[in-house]
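S.K.: Have a look at this one.
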Amino acid sequence: MAEHGQHILALQQCGTGTVTATIIDGTAIAAKVRAEVAAGTVVYSAQRGSRPGLATVLVGENPASQTYVAAKQKACAEVGIQSFGHHLKAEATEAEVLALVQRLNADAAVHGILVQLPLPDHINEERILNAVSIEKDVDGFHPVNIGRLGMKGREPLFVPCTPDGSMRLLQEYGATFAGAHAVVLGRSNIVGLPAAMLLLKRDATLTVCHSRTKDLPAVCRQADILIAAVGRTEMVKGDWVKPGAYVIDVGINRKPDPTRKSGYRLVGDVDYDEVREVAGFITPVPGGVGPMTIAQLLSNTLRGANASAPAG
Ligand code: GUN
């Protein structure tokens, strides 16, 4: 989408005053990815006589997790992927979860295994994620996949969906990675850390910020690409952002809003109204990174299916 860059330039040249950022349309790009997956599943099914399959593993009754897993299953159905939902009680033992994962590893109809996080406290997340076959690790959370992501000259089989979706958005809107200064706010295993490794793989110069970083605004102001994934409502302000920068907002936070029936609205880690006056490109919340997470999961599941050994 190189035309977006030209659009910004035209606005600046005709002197219209405030330049507002191009909004990165995650819903539209996600729809494009889903359409690619739907087309791929048609080909897969014609060749193999079966559908790609995703198994979801949900343990306990976390309402947010239940919503996310339901959304993933619905998205599977829409693109022709079969989903196998497994819902264990909150009291399920670690051995029970491990046994389920091992059963799914051995099931030829399952090409992707998604263990929804967080798991209940009594279950060791590391042991469960270690047990997922790397060929079915569509979340990209297995230490071998994460390790390969971090190493020069190695390629993981799968990359975590949210950071991969963020990279796709940047790419679709014409971002240059090589030599760009990328700043990642947050170092979580699910988003911040893999996002940083992806940017490094694409030859960005990288700074990773966290709760102990000194003078966060000054560090962020250096960013050509700023990825915010800290879970703090509207933390990134307009004067934290370099004019023209790409700003990717991974946060999904509830902000009290008495005008809404629910009493809140969803906002990101970025103060959208301020930052859109400074940035060149910005993702909205909702409608930015969020839709990409599921789209990448579908894409990974199809890839896992295509890489699997044909039956017989
Ligand atoms: N919990 C929050 N985000 C994710 C995700 O991308 N995958 C899984 N499995 N759990 C999550």
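Residues are named by chain letter and number: chains run A, B, ... in the order of the structure tokens, numbers start at 1 in each chain, and ligands are numbered from 1 in the order shown.
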Any residue with an atom at most 8 Å from ligand 1 counts, using only C-alpha atoms and all ligand atoms. Which are they? Put them as a PyMOL selection string.
M.R.: chain A and resi 65+114-118+139+160-162+190+293
S.K.: What's around Glu96 in chain A at 12 Å? Count only C-alpha atoms, leave out sequence neighbours fewer than 5 positions away in its own chain, and write the answer as a PDB file with N, CA, C and O atoms, in the first residue's frame.
M.R.:
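Result file is part-v1.pdb:
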```
ATOM      1  N   VAL A  57      -7.645 -26.094  23.238  1.00  0.00           N
ATOM      2  CA  VAL A  57      -7.659 -26.639  24.600  1.00  0.00           C
ATOM      3  C   VAL A  57      -7.877 -25.482  25.563  1.00  0.00           C
ATOM      4  O   VAL A  57      -7.054 -24.561  25.646  1.00  0.00           O
ATOM      5  N   VAL A  59      -8.790 -24.615  29.560  1.00  0.00           N
ATOM      6  CA  VAL A  59      -8.865 -25.193  30.904  1.00  0.00           C
ATOM      7  C   VAL A  59      -9.446 -24.138  31.839  1.00  0.00           C
ATOM      8  O   VAL A  59      -8.880 -23.058  31.982  1.00  0.00           O
ATOM      9  N   HIS A  86     -11.803 -28.693  23.068  1.00  0.00           N
ATOM     10  CA  HIS A  86     -11.638 -29.480  24.292  1.00  0.00           C
ATOM     11  C   HIS A  86     -11.674 -28.521  25.470  1.00  0.00           C
ATOM     12  O   HIS A  86     -10.836 -27.623  25.563  1.00  0.00           O
ATOM     13  N   HIS A  87     -12.653 -28.711  26.341  1.00  0.00           N
ATOM     14  CA  HIS A  87     -12.809 -27.818  27.483  1.00  0.00           C
ATOM     15  C   HIS A  87     -12.694 -28.654  28.761  1.00  0.00           C
ATOM     16  O   HIS A  87     -13.548 -29.497  29.029  1.00  0.00           O
ATOM     17  N   LEU A  88     -11.618 -28.438  29.505  1.00  0.00           N
ATOM     18  CA  LEU A  88     -11.418 -29.173  30.754  1.00  0.00           C
ATOM     19  C   LEU A  88     -11.812 -28.293  31.944  1.00  0.00           C
ATOM     20  O   LEU A  88     -11.719 -27.069  31.884  1.00  0.00           O
ATOM     21  N   LYS A  89     -12.227 -28.952  33.009  1.00  0.00           N
ATOM     22  CA  LYS A  89     -12.613 -28.241  34.228  1.00  0.00           C
ATOM     23  C   LYS A  89     -11.406 -27.506  34.820  1.00  0.00           C
ATOM     24  O   LYS A  89     -10.260 -27.921  34.617  1.00  0.00           O
ATOM     25  N   ALA A  90     -11.678 -26.456  35.584  1.00  0.00           N
ATOM     26  CA  ALA A  90     -10.600 -25.692  36.230  1.00  0.00           C
ATOM     27  C   ALA A  90      -9.757 -26.593  37.131  1.00  0.00           C
ATOM     28  O   ALA A  90      -8.569 -26.339  37.356  1.00  0.00           O
ATOM     29  N   GLU A  91     -10.380 -27.688  37.672  1.00  0.00           N
ATOM     30  CA  GLU A  91      -9.663 -28.586  38.596  1.00  0.00           C
ATOM     31  C   GLU A  91      -8.870 -29.654  37.840  1.00  0.00           C
ATOM     32  O   GLU A  91      -8.242 -30.517  38.470  1.00  0.00           O
ATOM     33  N   VAL A 101      -2.957 -33.280  25.349  1.00  0.00           N
ATOM     34  CA  VAL A 101      -2.027 -32.748  24.331  1.00  0.00           C
ATOM     35  C   VAL A 101      -1.354 -33.905  23.587  1.00  0.00           C
ATOM     36  O   VAL A 101      -1.251 -33.883  22.347  1.00  0.00           O
ATOM     37  N   GLN A 102      -0.962 -34.931  24.309  1.00  0.00           N
ATOM     38  CA  GLN A 102      -0.306 -36.068  23.651  1.00  0.00           C
ATOM     39  C   GLN A 102      -1.266 -36.800  22.703  1.00  0.00           C
ATOM     40  O   GLN A 102      -0.861 -37.223  21.620  1.00  0.00           O
ATOM     41  N   ARG A 103      -2.506 -36.904  23.107  1.00  0.00           N
ATOM     42  CA  ARG A 103      -3.508 -37.521  22.243  1.00  0.00           C
ATOM     43  C   ARG A 103      -3.676 -36.700  20.960  1.00  0.00           C
ATOM     44  O   ARG A 103      -3.745 -37.241  19.855  1.00  0.00           O
ATOM     45  N   ILE A 123      -1.235 -25.480  37.079  1.00  0.00           N
ATOM     46  CA  ILE A 123      -0.707 -26.186  35.906  1.00  0.00           C
ATOM     47  C   ILE A 123       0.527 -25.441  35.402  1.00  0.00           C
ATOM     48  O   ILE A 123       0.502 -24.214  35.231  1.00  0.00           O
ATOM     49  N   ILE A 128       3.401 -27.811  29.705  1.00  0.00           N
ATOM     50  CA  ILE A 128       2.335 -28.059  28.715  1.00  0.00           C
ATOM     51  C   ILE A 128       2.799 -27.608  27.324  1.00  0.00           C
ATOM     52  O   ILE A 128       2.653 -28.341  26.334  1.00  0.00           O
TER      53      ILE A 128
END
```
S.K.: Among range 173-270 of chain A, which residues does DSSP mark as alpha helix (DSSP H) when it is run on the backbone? Keep the chain and numbering as in the structure and answer as a ChimeraX atom specification.
M.R.: /A:192-201,216-220
S.K.: Assign secondary structure with DSSP using the backbone only, and return the residues of range 7-76 of chain A in strand (DSSP E) as number ranges by chain.
M.R.: A: 22-23, 53-59
S.K.: Near range 24-33 of chain A, counting only C-alpha atoms, which residues have an atom at most 10 Å away, once you skip same-chain residues fewer than 3 positions from it, shown as a ChimeraX atom specification?
M.R.: /A:4,21,36-39,165-166,168-170,172-173,246-248,281-296,298-299
S.K.: From the set A:Ala106, A:Ser188, A:Leu193, A:Val236, which residue has the shortest atom-to-atom contact distance to Leu149 in chain A, counting only C-alpha atoms?
M.R.: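 The shortest atom-to-atom distance to Leu149 in chain A comes from A:Leu193.
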S.K.: Residues near Gly304 in chain A, anyone? I mean within 7 Å using only C-alpha atoms, not counting same-chain ones fewer than 5 positions away, as a VMD selection string.
M.R.: chain A and resid 111 to 112 135 to 136
S.K.: What lies within 7 Å of Leu206 in chain A using only C-alpha atoms, ignoring chain neighbours under 6 positions off, as a list in words?
M.R.: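 Result of the neighbour search: His181, Ala182, Val183 and Leu200 of chain A.
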S.K.: Any chance you can output those residues with N, CA, C and O atoms as a CSV table (one decimal), in the first residue's frame?
M.R.:
```
chain,number,residue,atom,x,y,z
A,181,HIS,N,14.7,2.2,13.2
A,181,HIS,CA,14.8,2.0,14.7
A,181,HIS,C,13.4,1.6,15.2
A,181,HIS,O,12.4,2.3,15.1
A,182,ALA,N,13.3,0.3,15.6
A,182,ALA,CA,12.1,-0.2,16.2
A,182,ALA,C,12.1,-0.2,17.7
A,182,ALA,O,13.1,-0.7,18.2
A,183,VAL,N,11.1,0.3,18.3
A,183,VAL,CA,11.0,0.3,19.8
A,183,VAL,C,9.8,-0.6,20.1
A,183,VAL,O,8.7,-0.3,19.7
A,200,LEU,N,14.1,-7.9,14.7
A,200,LEU,CA,15.6,-8.1,14.5
A,200,LEU,C,15.9,-8.9,13.3
A,200,LEU,O,16.8,-8.7,12.6
```
S.K.: Check the smallest atom-to-atom distance from each of A:Asp239, A:Asp121, A:Asp164, A:Asp257 to Glu277 in chain A using only C-alpha atoms, then report the winner.
M.R.: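 Of A:Asp239, A:Asp121, A:Asp164, A:Asp257, the one nearest Glu277 in chain A, counting only C-alpha atoms, is A:Asp239.
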